[in-house]
file data-v7.cif (mmCIF, C-alpha atoms and all ligand atoms; chains and numbers go by the auth columns)
data_run
#
loop_
_atom_site.group_PDB
_atom_site.id
_atom_site.type_symbol
_atom_site.label_atom_id
_atom_site.label_comp_id
_atom_site.label_asym_id
_atom_site.label_seq_id
_atom_site.Cartn_x
_atom_site.Cartn_y
_atom_site.Cartn_z
_atom_site.B_iso_or_equiv
_atom_site.auth_seq_id
_atom_site.auth_asym_id
ATOM 1 C CA MET A 1 -46.678 -12.076 -12.236 0.00 218 A
ATOM 2 C CA TYR A 2 -43.065 -12.370 -11.121 0.00 219 A
ATOM 3 C CA ARG A 3 -41.115 -12.277 -14.321 0.00 220 A
ATOM 4 C CA ARG A 4 -38.513 -9.665 -14.832 0.00 221 A
ATOM 5 C CA VAL A 5 -36.493 -9.096 -17.939 0.00 222 A
ATOM 6 C CA VAL A 6 -33.089 -7.762 -17.103 0.00 223 A
ATOM 7 C CA PRO A 7 -31.514 -5.735 -19.866 0.00 224 A
ATOM 8 C CA ILE A 8 -28.130 -7.467 -19.821 0.00 225 A
ATOM 9 C CA GLN A 9 -26.796 -5.549 -22.773 0.00 226 A
ATOM 10 C CA HIS A 10 -26.967 -2.503 -20.700 0.00 227 A
ATOM 11 C CA PHE A 11 -24.240 -3.789 -18.424 0.00 228 A
ATOM 12 C CA VAL A 12 -21.698 -5.095 -20.890 0.00 229 A
ATOM 13 C CA THR A 13 -21.187 -1.853 -22.686 0.00 230 A
ATOM 14 C CA THR A 14 -18.971 -0.438 -19.953 0.00 231 A
ATOM 15 C CA THR A 15 -15.282 -1.082 -19.565 0.00 232 A
ATOM 16 C CA THR A 16 -14.238 -4.594 -18.691 0.00 233 A
ATOM 17 C CA ALA A 17 -10.761 -3.871 -17.372 0.00 234 A
ATOM 18 C CA VAL A 18 -10.080 -5.951 -14.290 0.00 235 A
ATOM 19 C CA ILE A 19 -7.045 -4.831 -12.367 0.00 236 A
ATOM 20 C CA THR A 20 -6.938 -7.594 -9.784 0.00 237 A
ATOM 21 C CA GLU A 21 -6.759 -10.274 -12.423 0.00 238 A
ATOM 22 C CA SER A 22 -3.299 -9.241 -13.542 0.00 239 A
ATOM 23 C CA PHE A 23 -1.997 -8.609 -10.051 0.00 240 A
ATOM 24 C CA SER A 24 0.714 -10.978 -9.062 0.00 241 A
ATOM 25 C CA PRO A 25 2.569 -10.253 -5.849 0.00 242 A
ATOM 26 C CA VAL A 26 6.317 -10.041 -6.051 0.00 243 A
ATOM 27 C CA SER A 27 8.910 -9.999 -3.350 0.00 244 A
ATOM 28 C CA ARG A 28 9.839 -6.464 -2.492 0.00 245 A
ATOM 29 C CA ALA A 29 11.913 -4.660 0.048 0.00 246 A
ATOM 30 C CA VAL A 30 11.542 -1.453 1.979 0.00 247 A
ATOM 31 C CA THR A 31 14.020 0.500 4.080 0.00 248 A
ATOM 32 C CA ARG A 32 12.840 1.378 7.546 0.00 249 A
ATOM 33 C CA PRO A 33 14.322 2.659 10.761 0.00 250 A
ATOM 34 C CA VAL A 34 15.148 -0.032 13.285 0.00 251 A
ATOM 35 C CA ASP A 35 12.571 0.051 16.051 0.00 252 A
ATOM 36 C CA PRO A 36 13.396 -0.408 19.717 0.00 253 A
ATOM 37 C CA GLY A 37 12.565 -3.977 20.623 0.00 254 A
ATOM 38 C CA ASN A 38 13.268 -5.251 17.157 0.00 255 A
ATOM 39 C CA ASP A 39 14.614 -8.776 17.592 0.00 256 A
ATOM 40 C CA ALA A 40 14.970 -10.011 14.045 0.00 257 A
ATOM 41 C CA ASN A 41 18.182 -11.505 12.778 0.00 258 A
ATOM 42 C CA CYS A 42 19.778 -10.358 9.582 0.00 259 A
ATOM 43 C CA ALA A 43 19.092 -12.825 6.787 0.00 260 A
ATOM 44 C CA HIS A 44 22.543 -12.147 5.357 0.00 261 A
ATOM 45 C CA CYS A 45 24.978 -12.178 8.297 0.00 262 A
ATOM 46 C CA GLY A 46 22.765 -13.746 10.966 0.00 263 A
ATOM 47 C CA GLU A 47 23.467 -11.000 13.483 0.00 264 A
ATOM 48 C CA PRO A 48 20.560 -9.359 15.285 0.00 265 A
ATOM 49 C CA VAL A 49 19.205 -6.211 13.697 0.00 266 A
ATOM 50 C CA LYS A 50 19.329 -4.139 16.840 0.00 267 A
ATOM 51 C CA PHE A 51 18.081 -0.737 17.674 0.00 268 A
ATOM 52 C CA ALA A 52 20.835 1.636 18.735 0.00 269 A
ATOM 53 C CA ALA A 53 19.836 4.942 20.215 0.00 270 A
ATOM 54 C CA ARG A 54 23.016 6.706 19.176 0.00 271 A
ATOM 55 C CA HIS A 55 22.874 5.743 15.572 0.00 272 A
ATOM 56 C CA GLN A 56 19.950 6.017 13.324 0.00 273 A
ATOM 57 C CA ARG A 57 20.188 2.482 12.147 0.00 274 A
ATOM 58 C CA ARG A 58 18.204 1.426 9.195 0.00 275 A
ATOM 59 C CA GLN A 59 17.129 -1.998 8.175 0.00 276 A
ATOM 60 C CA VAL A 60 15.737 -3.479 5.013 0.00 277 A
ATOM 61 C CA ILE A 61 12.572 -5.505 5.397 0.00 278 A
ATOM 62 C CA ALA A 62 11.618 -7.771 2.540 0.00 279 A
ATOM 63 C CA ASN A 63 8.292 -9.453 2.003 0.00 280 A
ATOM 64 C CA VAL A 64 9.136 -12.669 0.233 0.00 281 A
ATOM 65 C CA TYR A 65 6.592 -14.292 -2.027 0.00 282 A
ATOM 66 C CA LEU A 66 6.844 -17.803 -3.368 0.00 283 A
ATOM 67 C CA ASP A 67 4.544 -18.873 -6.181 0.00 284 A
ATOM 68 C CA SER A 68 2.569 -15.645 -5.810 0.00 285 A
ATOM 69 C CA ARG A 69 1.905 -16.375 -2.161 0.00 286 A
ATOM 70 C CA TRP A 70 3.374 -14.555 0.784 0.00 287 A
ATOM 71 C CA ASP A 71 5.970 -16.773 2.419 0.00 288 A
ATOM 72 C CA ARG A 72 7.983 -14.811 4.952 0.00 289 A
ATOM 73 C CA VAL A 73 9.566 -11.567 6.008 0.00 290 A
ATOM 74 C CA GLU A 74 13.321 -11.205 5.925 0.00 291 A
ATOM 75 C CA HIS A 75 15.278 -8.534 7.738 0.00 292 A
ATOM 76 C CA PHE A 76 18.658 -7.211 6.702 0.00 293 A
ATOM 77 C CA HIS A 77 21.074 -4.630 7.949 0.00 294 A
ATOM 78 C CA GLU A 78 21.002 -1.927 5.327 0.00 295 A
ATOM 79 C CA ASP A 79 24.628 -2.606 4.439 0.00 296 A
ATOM 80 C CA CYS A 80 24.086 -6.351 4.376 0.00 297 A
ATOM 81 C CA TYR A 81 21.243 -6.010 1.929 0.00 298 A
ATOM 82 C CA GLU A 82 23.543 -4.313 -0.531 0.00 299 A
ATOM 83 C CA ALA A 83 26.287 -6.815 0.243 0.00 300 A
ATOM 84 C CA ALA A 84 23.840 -9.594 -0.559 0.00 301 A
ATOM 85 C CA GLY A 85 23.274 -8.029 -3.966 0.00 302 A
ATOM 86 C CA SER A 86 19.831 -6.539 -3.250 0.00 303 A
ATOM 87 C CA PRO A 87 18.064 -9.906 -3.676 0.00 304 A
ATOM 88 C CA TYR A 88 14.586 -8.363 -3.687 0.00 305 A
ATOM 89 C CA GLY A 89 15.295 -5.314 -5.781 0.00 306 A
ATOM 90 C CA GLU A 90 15.991 -1.754 -4.834 0.00 307 A
ATOM 91 C CA PRO A 91 14.497 -1.131 -1.416 0.00 308 A
ATOM 92 C CA GLY A 92 11.853 1.540 -1.522 0.00 309 A
ATOM 93 C CA ASP A 93 10.671 3.638 1.364 0.00 310 A
ATOM 94 C CA GLN A 94 7.057 3.863 0.395 0.00 311 A
ATOM 95 C CA LEU A 95 5.871 2.402 3.682 0.00 312 A
ATOM 96 C CA VAL A 96 7.781 4.989 5.676 0.00 313 A
ATOM 97 C CA ALA A 97 6.796 8.237 4.079 0.00 314 A
ATOM 98 C CA PRO A 98 3.655 8.992 2.136 0.00 315 A
ATOM 99 C CA PRO A 99 4.195 10.384 -1.344 0.00 316 A
ATOM 100 C CA ARG A 100 5.095 14.020 -1.302 0.00 317 A
ATOM 101 C CA ARG A 101 2.711 16.430 -2.799 0.00 318 A
ATOM 102 C CA ARG A 102 4.042 18.499 -5.580 0.00 319 A
ATOM 103 C CA PRO A 103 4.066 22.184 -4.802 0.00 320 A
ATOM 104 C CA GLY A 104 1.469 24.152 -6.654 0.00 321 A
HETATM 105 ZN ZN ZN B . 23.627 -8.198 8.571 0.00 401 A
#
call {"tool": "encode", "arguments": {"input": "data-v7.cif", "output": "structure tokens"}}
result
Amino acid sequence: MYRRVVPIQHFVTTTTAVITESFSPVSRAVTRPVDPGNDANCAHCGEPVKFAARHQRRQVIANVYLDSRWDRVEHFHEDCYEAAGSPYGEPGDQLVAPPRRRPG
């Protein structure tokens, strides 16, 4: 005796929302401080995005997706990113600082 009847109906009554199905990665940019040892070149002006101890330089890092697949990372000077017309949208800083908790 090895027959089991699985009550399938029991499973299909719950929600069928699938989040991953509608997920499609898009190119996006974040603003981050320039790290010492950073050796990337700016995708706009071609100059190195260098760390400078005196100035708190910031760079824009963009993850570029092509056909919903990650293709490359591009670095920009913060000013150059704006000069280039913010090609990957408004740079966020969500990778730098966690979301603040609301007081209360
Ligand atoms: Zn630049």
call {"tool": "closest_residue", "arguments": {"input": "data-v7.cif", "among": "A:Pro304, A:Phe268, A:Cys297, A:Cys259", "to": "Arg245 in chain A", "atoms": "only C-alpha atoms"}}
result
A:Pro304
call {"tool": "resolve_selection", "arguments": {"input": "data-v7.cif", "expression": "the PyMOL selection byres (((chain A and resi 306) around 12) and not hetatm)", "output": "PyMOL selection string"}}
result
chain A and resi 243-248+277-281+298-299+301-305+307-309
call {"tool": "write_last_selection", "arguments": {"input": "data-v7.cif", "atoms": "C-alpha atoms", "output": "PDB file, keeping the file's coordinate frame"}}
result
ATOM      1  CA  VAL A 243       6.317 -10.041  -6.051  1.00  0.00           C
ATOM      2  CA  SER A 244       8.910  -9.999  -3.350  1.00  0.00           C
ATOM      3  CA  ARG A 245       9.839  -6.464  -2.492  1.00  0.00           C
ATOM      4  CA  ALA A 246      11.913  -4.660   0.048  1.00  0.00           C
ATOM      5  CA  VAL A 247      11.542  -1.453   1.979  1.00  0.00           C
ATOM      6  CA  THR A 248      14.020   0.500   4.080  1.00  0.00           C
ATOM      7  CA  VAL A 277      15.737  -3.479   5.013  1.00  0.00           C
ATOM      8  CA  ILE A 278      12.572  -5.505   5.397  1.00  0.00           C
ATOM      9  CA  ALA A 279      11.618  -7.771   2.540  1.00  0.00           C
ATOM     10  CA  ASN A 280       8.292  -9.453   2.003  1.00  0.00           C
ATOM     11  CA  VAL A 281       9.136 -12.669   0.233  1.00  0.00           C
ATOM     12  CA  TYR A 298      21.243  -6.010   1.929  1.00  0.00           C
ATOM     13  CA  GLU A 299      23.543  -4.313  -0.531  1.00  0.00           C
ATOM     14  CA  ALA A 301      23.840  -9.594  -0.559  1.00  0.00           C
ATOM     15  CA  GLY A 302      23.274  -8.029  -3.966  1.00  0.00           C
ATOM     16  CA  SER A 303      19.831  -6.539  -3.250  1.00  0.00           C
ATOM     17  CA  PRO A 304      18.064  -9.906  -3.676  1.00  0.00           C
ATOM     18  CA  TYR A 305      14.586  -8.363  -3.687  1.00  0.00           C
ATOM     19  CA  GLU A 307      15.991  -1.754  -4.834  1.00  0.00           C
ATOM     20  CA  PRO A 308      14.497  -1.131  -1.416  1.00  0.00           C
ATOM     21  CA  GLY A 309      11.853   1.540  -1.522  1.00  0.00           C
TER      22      GLY A 309
END
call {"tool": "resolve_selection", "arguments": {"input": "data-v7.cif", "expression": "the PyMOL selection byres (((not hetatm)) within 6 of (chain A and resi 401))", "output": "PDB file with C-alpha atoms, in the coordinates of the input"}}
result
ATOM      1  CA  CYS A 259      19.778 -10.358   9.582  1.00  0.00           C
ATOM      2  CA  HIS A 261      22.543 -12.147   5.357  1.00  0.00           C
ATOM      3  CA  CYS A 262      24.978 -12.178   8.297  1.00  0.00           C
ATOM      4  CA  GLU A 264      23.467 -11.000  13.483  1.00  0.00           C
ATOM      5  CA  PHE A 293      18.658  -7.211   6.702  1.00  0.00           C
ATOM      6  CA  HIS A 294      21.074  -4.630   7.949  1.00  0.00           C
ATOM      7  CA  CYS A 297      24.086  -6.351   4.376  1.00  0.00           C
TER       8      CYS A 297
END
call {"tool": "residues_around", "arguments": {"input": "data-v7.cif", "residues": "Asp256 in chain A", "least_positions_apart": "3", "cutoff": "8 Å", "atoms": "only C-alpha atoms", "output": "PyMOL selection string"}}
result
chain A and resi 265-267
call {"tool": "atom_distance", "arguments": {"input": "data-v7.cif", "atom1": "CA of Gly263 in chain A", "atom2": "CA of Asp296 in chain A"}}
result
13.0 Å
call {"tool": "axis_aligned_box", "arguments": {"input": "data-v7.cif", "around": "range 285-294 of chain A", "padding_each_side": "3 Å", "output": "JSON"}}
result
{"center_x": 11.5, "center_y": -10.7, "center_z": 1.1, "size_x": 25.2, "size_y": 18.1, "size_z": 19.8}
call {"tool": "atom_distance", "arguments": {"input": "data-v7.cif", "atom1": "CA of Arg274 in chain A", "atom2": "CA of Asp252 in chain A"}}
result
8.9 Å
call {"tool": "atom_distance", "arguments": {"input": "data-v7.cif", "atom1": "CA of Ala269 in chain A", "atom2": "CA of Gly254 in chain A"}}
result
10.2 Å
call {"tool": "resolve_selection", "arguments": {"input": "data-v7.cif", "expression": "the PyMOL selection byres (((chain A and resi 250) around 6) and not hetatm)", "output": "list of chain:residue names"}}
result
A:Arg249, A:Val251, A:Arg275
call {"tool": "write_last_selection", "arguments": {"input": "data-v7.cif", "atoms": "C-alpha atoms", "output": "PDB file, in the frame of the given file"}}
result
ATOM      1  CA  ARG A 249      12.840   1.378   7.546  1.00  0.00           C
ATOM      2  CA  VAL A 251      15.148  -0.032  13.285  1.00  0.00           C
ATOM      3  CA  ARG A 275      18.204   1.426   9.195  1.00  0.00           C
TER       4      ARG A 275
END
call {"tool": "decode", "arguments": {"input": "data-v7.cif", "residues": "range 244-304 of chain A", "atoms": "C-alpha atoms", "output": "compact mmCIF listing (two decimals), in the first residue's frame"}}
result
# COMPACT_ATOMS: atom_id res chain seq x y z
CA SER A 244 20.38 50.32 -15.01
CA ARG A 245 20.68 52.45 -11.93
CA ALA A 246 23.19 54.72 -10.33
CA VAL A 247 24.30 55.39 -6.80
CA THR A 248 26.45 58.14 -5.33
CA ARG A 249 29.31 56.97 -3.19
CA PRO A 250 32.44 58.41 -1.68
CA VAL A 251 35.58 57.78 -3.69
CA ASP A 252 37.63 55.11 -1.96
CA PRO A 253 41.41 55.22 -1.66
CA GLY A 254 42.81 52.95 -4.32
CA ASN A 255 39.93 53.53 -6.66
CA ASP A 256 41.36 53.32 -10.17
CA ALA A 257 38.31 53.61 -12.37
CA ASN A 258 38.12 56.12 -15.17
CA CYS A 259 35.20 58.43 -15.57
CA ALA A 260 32.88 57.20 -18.31
CA HIS A 261 32.15 60.79 -19.29
CA CYS A 262 35.50 62.62 -19.36
CA GLY A 263 37.87 59.65 -19.27
CA GLU A 264 39.86 61.04 -16.36
CA PRO A 265 40.60 58.81 -13.39
CA VAL A 266 38.14 59.01 -10.53
CA LYS A 267 40.74 59.53 -7.85
CA PHE A 268 40.56 59.62 -4.14
CA ALA A 269 41.70 62.92 -2.67
CA ALA A 270 42.21 63.12 1.04
CA ARG A 271 41.57 66.84 1.24
CA HIS A 272 38.30 66.79 -0.56
CA GLN A 273 35.45 64.52 0.08
CA ARG A 274 35.10 63.51 -3.49
CA ARG A 275 32.07 61.66 -4.56
CA GLN A 276 31.56 59.47 -7.54
CA VAL A 277 28.54 58.03 -9.24
CA ILE A 278 28.61 54.30 -9.86
CA ALA A 279 26.14 52.91 -12.34
CA ASN A 280 25.24 49.29 -12.84
CA VAL A 281 24.39 49.03 -16.50
CA TYR A 282 22.01 46.36 -17.69
CA LEU A 283 21.50 45.39 -21.30
CA ASP A 284 18.53 43.23 -22.23
CA SER A 285 17.78 42.65 -18.55
CA ARG A 286 21.27 41.29 -17.97
CA TRP A 287 24.03 42.97 -16.04
CA ASP A 288 26.62 44.25 -18.49
CA ARG A 289 29.08 46.53 -16.73
CA VAL A 290 29.77 49.11 -14.09
CA GLU A 291 30.45 52.68 -15.09
CA HIS A 292 32.07 55.28 -12.87
CA PHE A 293 31.56 59.01 -13.15
CA HIS A 294 32.75 62.06 -11.33
CA GLU A 295 29.69 63.39 -9.60
CA ASP A 296 29.78 66.54 -11.71
CA CYS A 297 30.37 64.59 -14.90
CA TYR A 298 27.34 62.45 -14.27
CA GLU A 299 25.15 65.52 -14.22
CA ALA A 300 27.01 66.94 -17.21
CA ALA A 301 26.27 63.73 -19.07
CA GLY A 302 22.58 64.26 -18.40
CA SER A 303 22.19 61.62 -15.67
CA PRO A 304 22.08 58.74 -18.19
